[in-house]
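Content type TSV, N, CA and C atoms, from the file protein30.tsv:
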chain	number	residue	atom	x	y	z
A	1	MET	N	-13.32	-35.78	-72.96
A	1	MET	CA	-12.26	-36.20	-73.84
A	1	MET	C	-12.78	-37.33	-74.71
A	2	LYS	N	-12.42	-37.29	-75.99
A	2	LYS	CA	-12.78	-38.36	-76.91
A	2	LYS	C	-11.52	-38.85	-77.60
A	3	LEU	N	-11.22	-40.10	-77.39
A	3	LEU	CA	-10.01	-40.71	-77.93
A	3	LEU	C	-10.15	-40.90	-79.44
A	4	ILE	N	-9.08	-40.54	-80.18
A	4	ILE	CA	-9.08	-40.70	-81.63
A	4	ILE	C	-8.18	-41.86	-82.04
A	5	ARG	N	-6.93	-41.85	-81.53
A	5	ARG	CA	-5.95	-42.81	-82.03
A	5	ARG	C	-4.87	-43.07	-81.00
A	6	VAL	N	-4.37	-44.30	-80.96
A	6	VAL	CA	-3.23	-44.68	-80.14
A	6	VAL	C	-2.28	-45.48	-81.01
A	7	LYS	N	-1.00	-45.12	-80.97
A	7	LYS	CA	0.03	-45.85	-81.71
A	7	LYS	C	1.20	-46.10	-80.76
A	8	LEU	N	1.69	-47.33	-80.76
A	8	LEU	CA	2.84	-47.68	-79.93
A	8	LEU	C	4.12	-47.61	-80.76
A	9	LEU	N	5.13	-46.93	-80.24
A	9	LEU	CA	6.43	-46.86	-80.90
A	9	LEU	C	7.39	-47.87	-80.31
A	10	SER	N	6.93	-48.58	-79.28
A	10	SER	CA	7.68	-49.68	-78.66
A	10	SER	C	6.65	-50.73	-78.27
A	11	SER	N	7.08	-51.93	-78.04
A	11	SER	CA	6.12	-52.96	-77.66
A	11	SER	C	5.66	-52.74	-76.23
A	12	PHE	N	4.48	-53.23	-75.92
A	12	PHE	CA	3.92	-53.15	-74.57
A	12	PHE	C	3.19	-54.45	-74.30
A	13	ARG	N	3.74	-55.24	-73.41
A	13	ARG	CA	3.20	-56.57	-73.07
A	13	ARG	C	2.94	-57.35	-74.35
A	14	GLY	N	1.69	-57.70	-74.64
A	14	GLY	CA	1.40	-58.49	-75.84
A	14	GLY	C	1.20	-57.66	-77.10
A	15	LEU	N	1.24	-56.33	-76.98
A	15	LEU	CA	1.03	-55.47	-78.15
A	15	LEU	C	2.38	-55.16	-78.80
A	16	PRO	N	2.48	-55.40	-80.11
A	16	PRO	CA	3.77	-55.22	-80.78
A	16	PRO	C	4.10	-53.75	-81.06
A	17	LYS	N	5.36	-53.50	-81.34
A	17	LYS	CA	5.81	-52.17	-81.79
A	17	LYS	C	5.02	-51.82	-83.06
A	18	ASN	N	4.67	-50.56	-83.21
A	18	ASN	CA	3.88	-50.03	-84.34
A	18	ASN	C	2.42	-50.47	-84.32
A	19	PHE	N	1.94	-51.04	-83.22
A	19	PHE	CA	0.52	-51.33	-83.08
A	19	PHE	C	-0.22	-49.99	-83.10
A	20	GLU	N	-1.30	-49.92	-83.85
A	20	GLU	CA	-2.06	-48.67	-83.95
A	20	GLU	C	-3.55	-49.01	-84.04
A	21	ILE	N	-4.34	-48.23	-83.33
A	21	ILE	CA	-5.79	-48.39	-83.39
A	21	ILE	C	-6.41	-47.01	-83.48
A	22	THR	N	-7.38	-46.88	-84.39
A	22	THR	CA	-8.11	-45.63	-84.57
A	22	THR	C	-9.53	-45.82	-84.05
A	23	PHE	N	-9.94	-44.95	-83.14
A	23	PHE	CA	-11.26	-45.04	-82.55
A	23	PHE	C	-12.28	-44.17	-83.26
A	24	GLN	N	-11.87	-43.05	-83.79
A	24	GLN	CA	-12.77	-42.12	-84.45
A	24	GLN	C	-12.26	-41.84	-85.85
A	25	ASN	N	-13.11	-41.98	-86.84
A	25	ASN	CA	-12.69	-41.64	-88.20
A	25	ASN	C	-13.68	-40.69	-88.86
A	26	HIS	N	-14.43	-39.98	-88.03
A	26	HIS	CA	-15.40	-39.02	-88.53
A	26	HIS	C	-15.41	-37.79	-87.62
A	27	LYS	N	-16.12	-36.77	-88.04
A	27	LYS	CA	-16.21	-35.53	-87.25
A	27	LYS	C	-16.90	-35.81	-85.93
A	28	ILE	N	-16.32	-35.32	-84.86
A	28	ILE	CA	-16.85	-35.52	-83.52
A	28	ILE	C	-17.97	-34.52	-83.26
A	29	ASP	N	-19.09	-34.99	-82.76
A	29	ASP	CA	-20.18	-34.12	-82.33
A	29	ASP	C	-20.12	-34.04	-80.80
A	30	PRO	N	-19.78	-32.87	-80.25
A	30	PRO	CA	-19.62	-32.76	-78.79
A	30	PRO	C	-20.91	-32.99	-78.01
A	31	LYS	N	-22.06	-32.94	-78.67
A	31	LYS	CA	-23.34	-33.11	-77.98
A	31	LYS	C	-23.79	-34.57	-77.95
A	32	LYS	N	-23.05	-35.46	-78.61
A	32	LYS	CA	-23.43	-36.87	-78.65
A	32	LYS	C	-22.48	-37.70	-77.80
A	33	ILE	N	-23.03	-38.72	-77.20
A	33	ILE	CA	-22.22	-39.70	-76.50
A	33	ILE	C	-21.99	-40.85	-77.47
A	34	GLU	N	-20.73	-41.13	-77.75
A	34	GLU	CA	-20.37	-42.19	-78.68
A	34	GLU	C	-19.46	-43.17	-77.97
A	35	PRO	N	-20.04	-44.19	-77.34
A	35	PRO	CA	-19.21	-45.14	-76.58
A	35	PRO	C	-18.34	-45.99	-77.49
A	36	ILE	N	-17.22	-46.42	-76.95
A	36	ILE	CA	-16.31	-47.32	-77.66
A	36	ILE	C	-16.45	-48.69	-77.02
A	37	CYS	N	-16.71	-49.69	-77.83
A	37	CYS	CA	-16.83	-51.06	-77.34
A	37	CYS	C	-15.67	-51.88	-77.89
A	38	LEU	N	-14.98	-52.58	-77.01
A	38	LEU	CA	-13.90	-53.48	-77.42
A	38	LEU	C	-14.44	-54.90	-77.41
A	39	ILE	N	-14.43	-55.53	-78.58
A	39	ILE	CA	-14.95	-56.89	-78.71
A	39	ILE	C	-13.86	-57.74	-79.34
A	40	GLY	N	-13.63	-58.91	-78.77
A	40	GLY	CA	-12.65	-59.82	-79.34
A	40	GLY	C	-12.54	-61.09	-78.54
A	41	LEU	N	-11.85	-62.04	-79.10
A	41	LEU	CA	-11.63	-63.32	-78.44
A	41	LEU	C	-10.75	-63.14	-77.22
A	42	ASN	N	-10.82	-64.11	-76.31
A	42	ASN	CA	-9.92	-64.10	-75.16
A	42	ASN	C	-8.48	-64.13	-75.67
A	43	GLY	N	-7.64	-63.30	-75.09
A	43	GLY	CA	-6.23	-63.26	-75.48
A	43	GLY	C	-5.95	-62.41	-76.70
A	44	SER	N	-6.93	-61.66	-77.19
A	44	SER	CA	-6.72	-60.85	-78.40
A	44	SER	C	-6.10	-59.49	-78.12
A	45	GLY	N	-6.00	-59.09	-76.83
A	45	GLY	CA	-5.31	-57.83	-76.51
A	45	GLY	C	-6.20	-56.72	-76.01
A	46	LYS	N	-7.45	-56.99	-75.73
A	46	LYS	CA	-8.37	-55.95	-75.23
A	46	LYS	C	-7.85	-55.34	-73.93
A	47	SER	N	-7.50	-56.19	-72.98
A	47	SER	CA	-7.01	-55.69	-71.68
A	47	SER	C	-5.68	-54.97	-71.83
A	48	ASN	N	-4.80	-55.48	-72.69
A	48	ASN	CA	-3.51	-54.81	-72.93
A	48	ASN	C	-3.72	-53.41	-73.50
A	49	LEU	N	-4.70	-53.27	-74.37
A	49	LEU	CA	-5.00	-51.96	-74.94
A	49	LEU	C	-5.46	-50.99	-73.84
A	50	LEU	N	-6.37	-51.44	-72.99
A	50	LEU	CA	-6.83	-50.59	-71.89
A	50	LEU	C	-5.68	-50.24	-70.94
A	51	GLU	N	-4.81	-51.21	-70.69
A	51	GLU	CA	-3.68	-50.96	-69.79
A	51	GLU	C	-2.67	-49.99	-70.39
A	52	VAL	N	-2.42	-50.08	-71.70
A	52	VAL	CA	-1.45	-49.15	-72.30
A	52	VAL	C	-2.02	-47.73	-72.31
A	53	ILE	N	-3.32	-47.59	-72.52
A	53	ILE	CA	-3.93	-46.25	-72.46
A	53	ILE	C	-3.80	-45.69	-71.05
A	54	SER	N	-4.04	-46.52	-70.05
A	54	SER	CA	-3.87	-46.10	-68.65
A	54	SER	C	-2.42	-45.72	-68.36
A	55	GLU	N	-1.48	-46.53	-68.83
A	55	GLU	CA	-0.05	-46.26	-68.62
A	55	GLU	C	0.35	-44.94	-69.27
A	56	ILE	N	-0.16	-44.68	-70.47
A	56	ILE	CA	0.18	-43.44	-71.17
A	56	ILE	C	-0.27	-42.23	-70.36
A	57	PHE	N	-1.53	-42.23	-69.91
A	57	PHE	CA	-2.02	-41.08	-69.16
A	57	PHE	C	-1.38	-40.98	-67.78
A	58	TYR	N	-1.04	-42.10	-67.17
A	58	TYR	CA	-0.31	-42.08	-65.89
A	58	TYR	C	1.08	-41.47	-66.10
A	59	PHE	N	1.76	-41.88	-67.16
A	59	PHE	CA	3.08	-41.34	-67.50
A	59	PHE	C	2.98	-39.83	-67.73
A	60	LEU	N	1.98	-39.40	-68.50
A	60	LEU	CA	1.83	-37.97	-68.81
A	60	LEU	C	1.48	-37.15	-67.57
A	61	GLU	N	0.67	-37.71	-66.68
A	61	GLU	CA	0.35	-37.02	-65.42
A	61	GLU	C	1.61	-36.80	-64.59
A	62	ASN	N	2.41	-37.84	-64.45
A	62	ASN	CA	3.66	-37.71	-63.69
A	62	ASN	C	4.63	-36.75	-64.37
A	63	PHE	N	4.70	-36.79	-65.68
A	63	PHE	CA	5.58	-35.89	-66.42
A	63	PHE	C	5.16	-34.43	-66.21
A	64	SER	N	3.86	-34.17	-66.25
A	64	SER	CA	3.39	-32.79	-66.10
A	64	SER	C	3.64	-32.24	-64.70
A	65	ARG	N	3.77	-33.12	-63.71
A	65	ARG	CA	4.02	-32.68	-62.33
A	65	ARG	C	5.51	-32.65	-61.99
A	66	ALA	N	6.35	-33.14	-62.87
A	66	ALA	CA	7.78	-33.26	-62.57
A	66	ALA	C	8.47	-31.89	-62.59
A	67	ARG	N	9.50	-31.80	-61.78
A	67	ARG	CA	10.35	-30.60	-61.78
A	67	ARG	C	11.37	-30.74	-62.91
A	68	ASN	N	11.96	-29.65	-63.30
A	68	ASN	CA	12.96	-29.69	-64.39
A	68	ASN	C	14.09	-30.66	-64.10
A	69	SER	N	14.48	-30.79	-62.86
A	69	SER	CA	15.58	-31.69	-62.50
A	69	SER	C	15.20	-33.17	-62.67
A	70	GLU	N	13.89	-33.47	-62.76
A	70	GLU	CA	13.44	-34.84	-62.88
A	70	GLU	C	13.13	-35.26	-64.32
A	71	ILE	N	13.23	-34.35	-65.27
A	71	ILE	CA	12.83	-34.62	-66.65
A	71	ILE	C	13.63	-35.77	-67.27
A	72	LYS	N	14.90	-35.93	-66.89
A	72	LYS	CA	15.74	-36.99	-67.45
A	72	LYS	C	15.12	-38.38	-67.29
A	73	LYS	N	14.46	-38.63	-66.15
A	73	LYS	CA	13.92	-39.96	-65.89
A	73	LYS	C	12.73	-40.29	-66.80
A	74	PHE	N	12.20	-39.32	-67.53
A	74	PHE	CA	11.08	-39.56	-68.45
A	74	PHE	C	11.54	-39.89	-69.86
A	75	LYS	N	12.84	-39.91	-70.08
A	75	LYS	CA	13.39	-40.30	-71.38
A	75	LYS	C	13.61	-41.81	-71.36
A	76	THR	N	12.52	-42.55	-71.49
A	76	THR	CA	12.52	-44.00	-71.34
A	76	THR	C	12.40	-44.70	-72.69
A	77	SER	N	12.46	-46.02	-72.67
A	77	SER	CA	12.34	-46.81	-73.90
A	77	SER	C	10.88	-47.02	-74.28
A	78	PHE	N	9.96	-46.44	-73.54
A	78	PHE	CA	8.53	-46.51	-73.84
A	78	PHE	C	8.20	-45.39	-74.82
A	79	GLY	N	7.60	-45.73	-75.96
A	79	GLY	CA	7.27	-44.72	-76.95
A	79	GLY	C	5.84	-44.87	-77.44
A	80	PHE	N	5.18	-43.73	-77.71
A	80	PHE	CA	3.78	-43.77	-78.14
A	80	PHE	C	3.38	-42.47	-78.82
A	81	GLU	N	2.25	-42.52	-79.49
A	81	GLU	CA	1.53	-41.36	-79.97
A	81	GLU	C	0.09	-41.54	-79.53
A	82	ILE	N	-0.51	-40.49	-79.03
A	82	ILE	CA	-1.92	-40.55	-78.65
A	82	ILE	C	-2.59	-39.26	-79.11
A	83	GLU	N	-3.78	-39.42	-79.68
A	83	GLU	CA	-4.53	-38.30	-80.22
A	83	GLU	C	-5.92	-38.32	-79.64
A	84	TYR	N	-6.42	-37.16	-79.23
A	84	TYR	CA	-7.77	-37.10	-78.68
A	84	TYR	C	-8.33	-35.70	-78.83
A	85	TYR	N	-9.66	-35.60	-78.71
A	85	TYR	CA	-10.33	-34.31	-78.67
A	85	TYR	C	-10.61	-33.96	-77.22
A	86	LEU	N	-10.41	-32.70	-76.90
A	86	LEU	CA	-10.67	-32.19	-75.57
A	86	LEU	C	-11.67	-31.05	-75.70
A	87	SER	N	-12.70	-31.07	-74.89
A	87	SER	CA	-13.71	-30.01	-74.95
A	87	SER	C	-13.19	-28.76	-74.28
A	88	ARG	N	-13.55	-27.64	-74.85
A	88	ARG	CA	-13.19	-26.34	-74.28
A	88	ARG	C	-14.42	-25.46	-74.33
A	89	ASN	N	-14.88	-25.04	-73.19
A	89	ASN	CA	-16.03	-24.15	-73.14
A	89	ASN	C	-15.54	-22.71	-73.24
A	90	VAL	N	-16.12	-21.96	-74.18
A	90	VAL	CA	-15.77	-20.56	-74.37
A	90	VAL	C	-17.05	-19.75	-74.20
A	91	PHE	N	-16.96	-18.68	-73.41
A	91	PHE	CA	-18.13	-17.85	-73.17
A	91	PHE	C	-18.08	-16.64	-74.08
A	92	ASN	N	-19.12	-16.48	-74.90
A	92	ASN	CA	-19.24	-15.32	-75.77
A	92	ASN	C	-20.28	-14.38	-75.18
A	93	THR	N	-19.96	-13.10	-75.14
A	93	THR	CA	-20.90	-12.12	-74.62
A	93	THR	C	-21.68	-11.52	-75.77
A	94	ASN	N	-22.99	-11.58	-75.68
A	94	ASN	CA	-23.86	-10.97	-76.67
A	94	ASN	C	-23.82	-9.45	-76.45
A	95	LYS	N	-23.54	-8.67	-77.50
A	95	LYS	CA	-23.37	-7.23	-77.34
A	95	LYS	C	-24.67	-6.51	-76.96
A	96	THR	N	-25.83	-7.13	-77.23
A	96	THR	CA	-27.09	-6.46	-76.93
A	96	THR	C	-27.53	-6.67	-75.49
A	97	SER	N	-26.86	-7.58	-74.77
A	97	SER	CA	-27.21	-7.79	-73.37
A	97	SER	C	-25.98	-8.33	-72.63
A	98	ASP	N	-26.14	-8.56	-71.36
A	98	ASP	CA	-25.05	-9.12	-70.58
A	98	ASP	C	-25.09	-10.64	-70.53
A	99	TYR	N	-25.97	-11.24	-71.30
A	99	TYR	CA	-26.12	-12.69	-71.33
A	99	TYR	C	-24.88	-13.34	-71.94
A	100	LYS	N	-24.35	-14.32	-71.25
A	100	LYS	CA	-23.19	-15.04	-71.77
A	100	LYS	C	-23.62	-16.43	-72.21
A	101	GLU	N	-23.22	-16.81	-73.39
A	101	GLU	CA	-23.58	-18.11	-73.94
A	101	GLU	C	-22.32	-18.97	-74.01
A	102	ALA	N	-22.40	-20.16	-73.47
A	102	ALA	CA	-21.25	-21.07	-73.53
A	102	ALA	C	-21.29	-21.83	-74.85
A	103	LYS	N	-20.18	-21.86	-75.53
A	103	LYS	CA	-20.04	-22.63	-76.76
A	103	LYS	C	-18.96	-23.68	-76.54
A	104	ASN	N	-19.25	-24.88	-76.95
A	104	ASN	CA	-18.33	-25.99	-76.74
A	104	ASN	C	-17.48	-26.19	-77.99
A	105	TYR	N	-16.18	-25.99	-77.86
A	105	TYR	CA	-15.24	-26.20	-78.95
A	105	TYR	C	-14.44	-27.46	-78.68
A	106	GLN	N	-14.04	-28.11	-79.73
A	106	GLN	CA	-13.20	-29.29	-79.61
A	106	GLN	C	-11.77	-28.92	-80.01
A	107	ILE	N	-10.84	-29.18	-79.12
A	107	ILE	CA	-9.42	-28.98	-79.41
A	107	ILE	C	-8.83	-30.36	-79.65
A	108	LYS	N	-8.12	-30.49	-80.75
A	108	LYS	CA	-7.46	-31.76	-81.05
A	108	LYS	C	-6.07	-31.74	-80.42
A	109	VAL	N	-5.76	-32.76	-79.63
A	109	VAL	CA	-4.48	-32.86	-78.93
A	109	VAL	C	-3.72	-34.07	-79.46
A	110	LEU	N	-2.47	-33.87	-79.81
A	110	LEU	CA	-1.58	-34.96	-80.22
A	110	LEU	C	-0.37	-34.93	-79.29
A	111	ILE	N	-0.10	-36.04	-78.65
A	111	ILE	CA	1.08	-36.16	-77.79
A	111	ILE	C	1.94	-37.28	-78.34
A	112	THR	N	3.21	-36.97	-78.59
A	112	THR	CA	4.15	-37.97	-79.06
A	112	THR	C	5.26	-38.11	-78.03
A	113	LYS	N	5.63	-39.35	-77.79
A	113	LYS	CA	6.74	-39.64	-76.88
A	113	LYS	C	7.61	-40.66	-77.59
A	114	LYS	N	8.67	-40.17	-78.22
A	114	LYS	CA	9.58	-41.06	-78.93
A	114	LYS	C	10.48	-41.78	-77.93
A	115	ILE	N	11.01	-42.91	-78.35
A	115	ILE	CA	11.89	-43.70	-77.50
A	115	ILE	C	13.09	-42.87	-77.08
A	116	ASP	N	13.41	-42.88	-75.80
A	116	ASP	CA	14.53	-42.16	-75.19
A	116	ASP	C	14.44	-40.64	-75.35
A	117	GLU	N	13.23	-40.14	-75.49
A	117	GLU	CA	13.00	-38.69	-75.54
A	117	GLU	C	11.86	-38.34	-74.59
A	118	ALA	N	11.75	-37.07	-74.26
A	118	ALA	CA	10.63	-36.59	-73.45
A	118	ALA	C	9.43	-36.37	-74.36
A	119	PRO	N	8.22	-36.41	-73.83
A	119	PRO	CA	7.03	-36.22	-74.66
A	119	PRO	C	6.89	-34.79	-75.16
A	120	LYS	N	6.20	-34.66	-76.30
A	120	LYS	CA	5.88	-33.36	-76.88
A	120	LYS	C	4.39	-33.34	-77.15
A	121	ALA	N	3.75	-32.21	-76.87
A	121	ALA	CA	2.31	-32.08	-77.05
A	121	ALA	C	2.00	-31.00	-78.08
A	122	PHE	N	1.00	-31.28	-78.90
A	122	PHE	CA	0.53	-30.34	-79.91
A	122	PHE	C	-0.98	-30.19	-79.73
A	123	ALA	N	-1.46	-28.96	-79.67
A	123	ALA	CA	-2.90	-28.71	-79.56
A	123	ALA	C	-3.34	-27.86	-80.74
A	124	LEU	N	-4.46	-28.21	-81.33
A	124	LEU	CA	-4.94	-27.50	-82.51
A	124	LEU	C	-6.43	-27.26	-82.37
A	125	ASP	N	-6.84	-26.00	-82.48
A	125	ASP	CA	-8.26	-25.71	-82.62
A	125	ASP	C	-8.42	-24.77	-83.81
A	126	ASP	N	-9.58	-24.20	-83.98
A	126	ASP	CA	-9.83	-23.38	-85.16
A	126	ASP	C	-8.98	-22.12	-85.20
A	127	ASP	N	-8.55	-21.64	-84.03
A	127	ASP	CA	-7.88	-20.35	-83.97
A	127	ASP	C	-6.36	-20.42	-83.90
A	128	PHE	N	-5.80	-21.53	-83.39
A	128	PHE	CA	-4.36	-21.54	-83.19
A	128	PHE	C	-3.83	-22.96	-83.14
A	129	GLU	N	-2.52	-23.07	-83.28
A	129	GLU	CA	-1.81	-24.31	-83.01
A	129	GLU	C	-0.79	-24.00	-81.93
A	130	TYR	N	-0.74	-24.84	-80.92
A	130	TYR	CA	0.15	-24.63	-79.78
A	130	TYR	C	1.02	-25.85	-79.63
A	131	ILE	N	2.31	-25.65	-79.47
A	131	ILE	CA	3.24	-26.74	-79.27
A	131	ILE	C	3.86	-26.60	-77.90
A	132	CYS	N	3.85	-27.65	-77.12
A	132	CYS	CA	4.38	-27.65	-75.78
A	132	CYS	C	5.44	-28.73	-75.68
A	133	GLU	N	6.63	-28.36	-75.26
A	133	GLU	CA	7.72	-29.36	-75.12
A	133	GLU	C	8.12	-29.48	-73.68
Will you turn the file into structure tokens for me?
Amino acid sequence: MKLIRVKLLSSFRGLPKNFEITFQNHKIDPKKIEPICLIGLNGSGKSNLLEVISEIFYFLENFSRARNSEIKKFKTSFGFEIEYYLSRNVFNTNKTSDYKEAKNYQIKVLITKKIDEAPKAFALDDDFEYICE
């Protein structure tokens, strides 16, 4: 997974409402490792940023495991948008032999969770767009 963007629709600790940070602004190469370094003065929000990213994925993990009867509790005052690339390996069979070649595709995922609503996910690759509510 490669993080592209995080936007807060509500405040989170020291991070204000509408705080947004973009990590990638160019085409992602799946064969390269591109580390993200957070540099800043003490108290500038580096730890809060890491914590909000953790909270978002923790929230989404719990949401994905919830039963339909539990969905109401996920309509909270916490709101965010998160965008990332997810690798997808696809095996293509060469017609001249039984050799299968793995090709790595990047799927762009956007998850939005508006205040007092349940999250919605959008996935986009070269072949399709998928919306999950």
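From CA of Ile39 in chain A back to atom C of Lys113 in chain A, the distance works out to 27.8 Å.
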**Item:** Given only C-alpha atoms as the counted atoms, nearest of A:Ile115, A:Leu38, A:Val109, A:Ala66 to Ser87 in chain A
**Value:** A:Val109
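For the pair atom C of Phe80 in chain A and atom C of Ile4 in chain A, the interatomic distance is 12.0 Å.
The space separating atom N of Lys75 in chain A from CA of Asn62 in chain A comes to 11.4 Å.
Close contacts of Phe19 in chain A, defined as residues with an atom at most 8 Å away when counting all atoms listed in the file, with chain neighbours fewer than 5 positions off set aside, comprise Val6, Lys7, Leu8, Leu9, Ser10 and Ser11 of chain A.
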**Fill in**
One residue among A:Ser69, A:Thr22, A:Asn48, A:Asn42 is nearest to Glu83 in chain A when using only C-alpha atoms, and that residue is A:Thr22
**Fill in**
Across A:Tyr58, A:Gln24, A:Lys120, A:Lys72, the smallest distance to Arg5 in chain A, with only N, CA and C atoms counted, is shown by A:Gln24
If we count all atoms listed in the file and set the cut-off at 8 Å, which residues sit around Phe12 in chain A, ignoring sequence neighbours fewer than 5 positions away in its own chain? Please answer as a PDB file with N, CA and C atoms, keeping the file's coordinate frame.
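Result saved to out.pdb:
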ATOM      1  N   LYS A  17       5.360 -53.500 -81.340  1.00  0.00           N
ATOM      2  CA  LYS A  17       5.810 -52.170 -81.790  1.00  0.00           C
ATOM      3  C   LYS A  17       5.020 -51.820 -83.060  1.00  0.00           C
ATOM      4  N   ASN A  18       4.670 -50.560 -83.210  1.00  0.00           N
ATOM      5  CA  ASN A  18       3.880 -50.030 -84.340  1.00  0.00           C
ATOM      6  C   ASN A  18       2.420 -50.470 -84.320  1.00  0.00           C
ATOM      7  N   ASN A  48      -4.800 -55.480 -72.690  1.00  0.00           N
ATOM      8  CA  ASN A  48      -3.510 -54.810 -72.930  1.00  0.00           C
ATOM      9  C   ASN A  48      -3.720 -53.410 -73.500  1.00  0.00           C
ATOM     10  N   LEU A  49      -4.700 -53.270 -74.370  1.00  0.00           N
ATOM     11  CA  LEU A  49      -5.000 -51.960 -74.940  1.00  0.00           C
ATOM     12  C   LEU A  49      -5.460 -50.990 -73.840  1.00  0.00           C
ATOM     13  N   VAL A  52      -2.420 -50.080 -71.700  1.00  0.00           N
ATOM     14  CA  VAL A  52      -1.450 -49.150 -72.300  1.00  0.00           C
ATOM     15  C   VAL A  52      -2.020 -47.730 -72.310  1.00  0.00           C
TER      16      VAL A  52
END
**Request:** Fewer than 2 positions away in the same chain doesn't count, so skip those; otherwise give me all residues within 8 Å of Phe23 in chain A, counting only N, CA and C atoms, as number ranges by chain.
**Result:** A: 2-6, 20-21, 25-26, 36
Mind dumping the selected residues with N, CA and C atoms as a tab-separated table (two decimals), in the coordinates of the input?
chain	number	residue	atom	x	y	z
A	2	LYS	N	-12.42	-37.29	-75.99
A	2	LYS	CA	-12.78	-38.36	-76.91
A	2	LYS	C	-11.52	-38.85	-77.60
A	3	LEU	N	-11.22	-40.10	-77.39
A	3	LEU	CA	-10.01	-40.71	-77.93
A	3	LEU	C	-10.15	-40.90	-79.44
A	4	ILE	N	-9.08	-40.54	-80.18
A	4	ILE	CA	-9.08	-40.70	-81.63
A	4	ILE	C	-8.18	-41.86	-82.04
A	5	ARG	N	-6.93	-41.85	-81.53
A	5	ARG	CA	-5.95	-42.81	-82.03
A	5	ARG	C	-4.87	-43.07	-81.00
A	6	VAL	N	-4.37	-44.30	-80.96
A	6	VAL	CA	-3.23	-44.68	-80.14
A	6	VAL	C	-2.28	-45.48	-81.01
A	20	GLU	N	-1.30	-49.92	-83.85
A	20	GLU	CA	-2.06	-48.67	-83.95
A	20	GLU	C	-3.55	-49.01	-84.04
A	21	ILE	N	-4.34	-48.23	-83.33
A	21	ILE	CA	-5.79	-48.39	-83.39
A	21	ILE	C	-6.41	-47.01	-83.48
A	25	ASN	N	-13.11	-41.98	-86.84
A	25	ASN	CA	-12.69	-41.64	-88.20
A	25	ASN	C	-13.68	-40.69	-88.86
A	26	HIS	N	-14.43	-39.98	-88.03
A	26	HIS	CA	-15.40	-39.02	-88.53
A	26	HIS	C	-15.41	-37.79	-87.62
A	36	ILE	N	-17.22	-46.42	-76.95
A	36	ILE	CA	-16.31	-47.32	-77.66
A	36	ILE	C	-16.45	-48.69	-77.02
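At a cut-off of 12 Å from (13.8, -42.5, -65.1), the residue set is Phe59, Asn62, Phe63, Ala66, Ser69, Glu70, Ile71, Lys72, Lys73, Phe74, Lys75, Thr76, Ser77, Phe78, Asp116, Glu117 and Ala118 of chain A (counting only C-alpha atoms).
Residue-level DSSP output for range 13-95 of chain A, from the backbone, shows helix (DSSP H, G or I) at Lys46, Ser47, Asn48, Leu49, Leu50, Glu51, Val52, Ile53, Ser54, Glu55, Ile56, Phe57, Tyr58, Phe59, Leu60, Glu61, Asn62, Phe63, Ser64, Arg65, Asn68, Ser69, Glu70, Ile71, Lys72, Lys73 and Phe74 of chain A.
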**From A:Leu86, A:Met1, A:Glu61, A:Ile53, residue lying nearest Glu34 in chain A [only C-alpha atoms]** = A:Met1
**Message:** Let me make sure I understand: among A:Pro16, A:Glu51, A:Phe122, A:Ser64, which one has the smallest atom-to-atom distance to Tyr84 in chain A if we use only C-alpha atoms?
**Reply:** A:Phe122
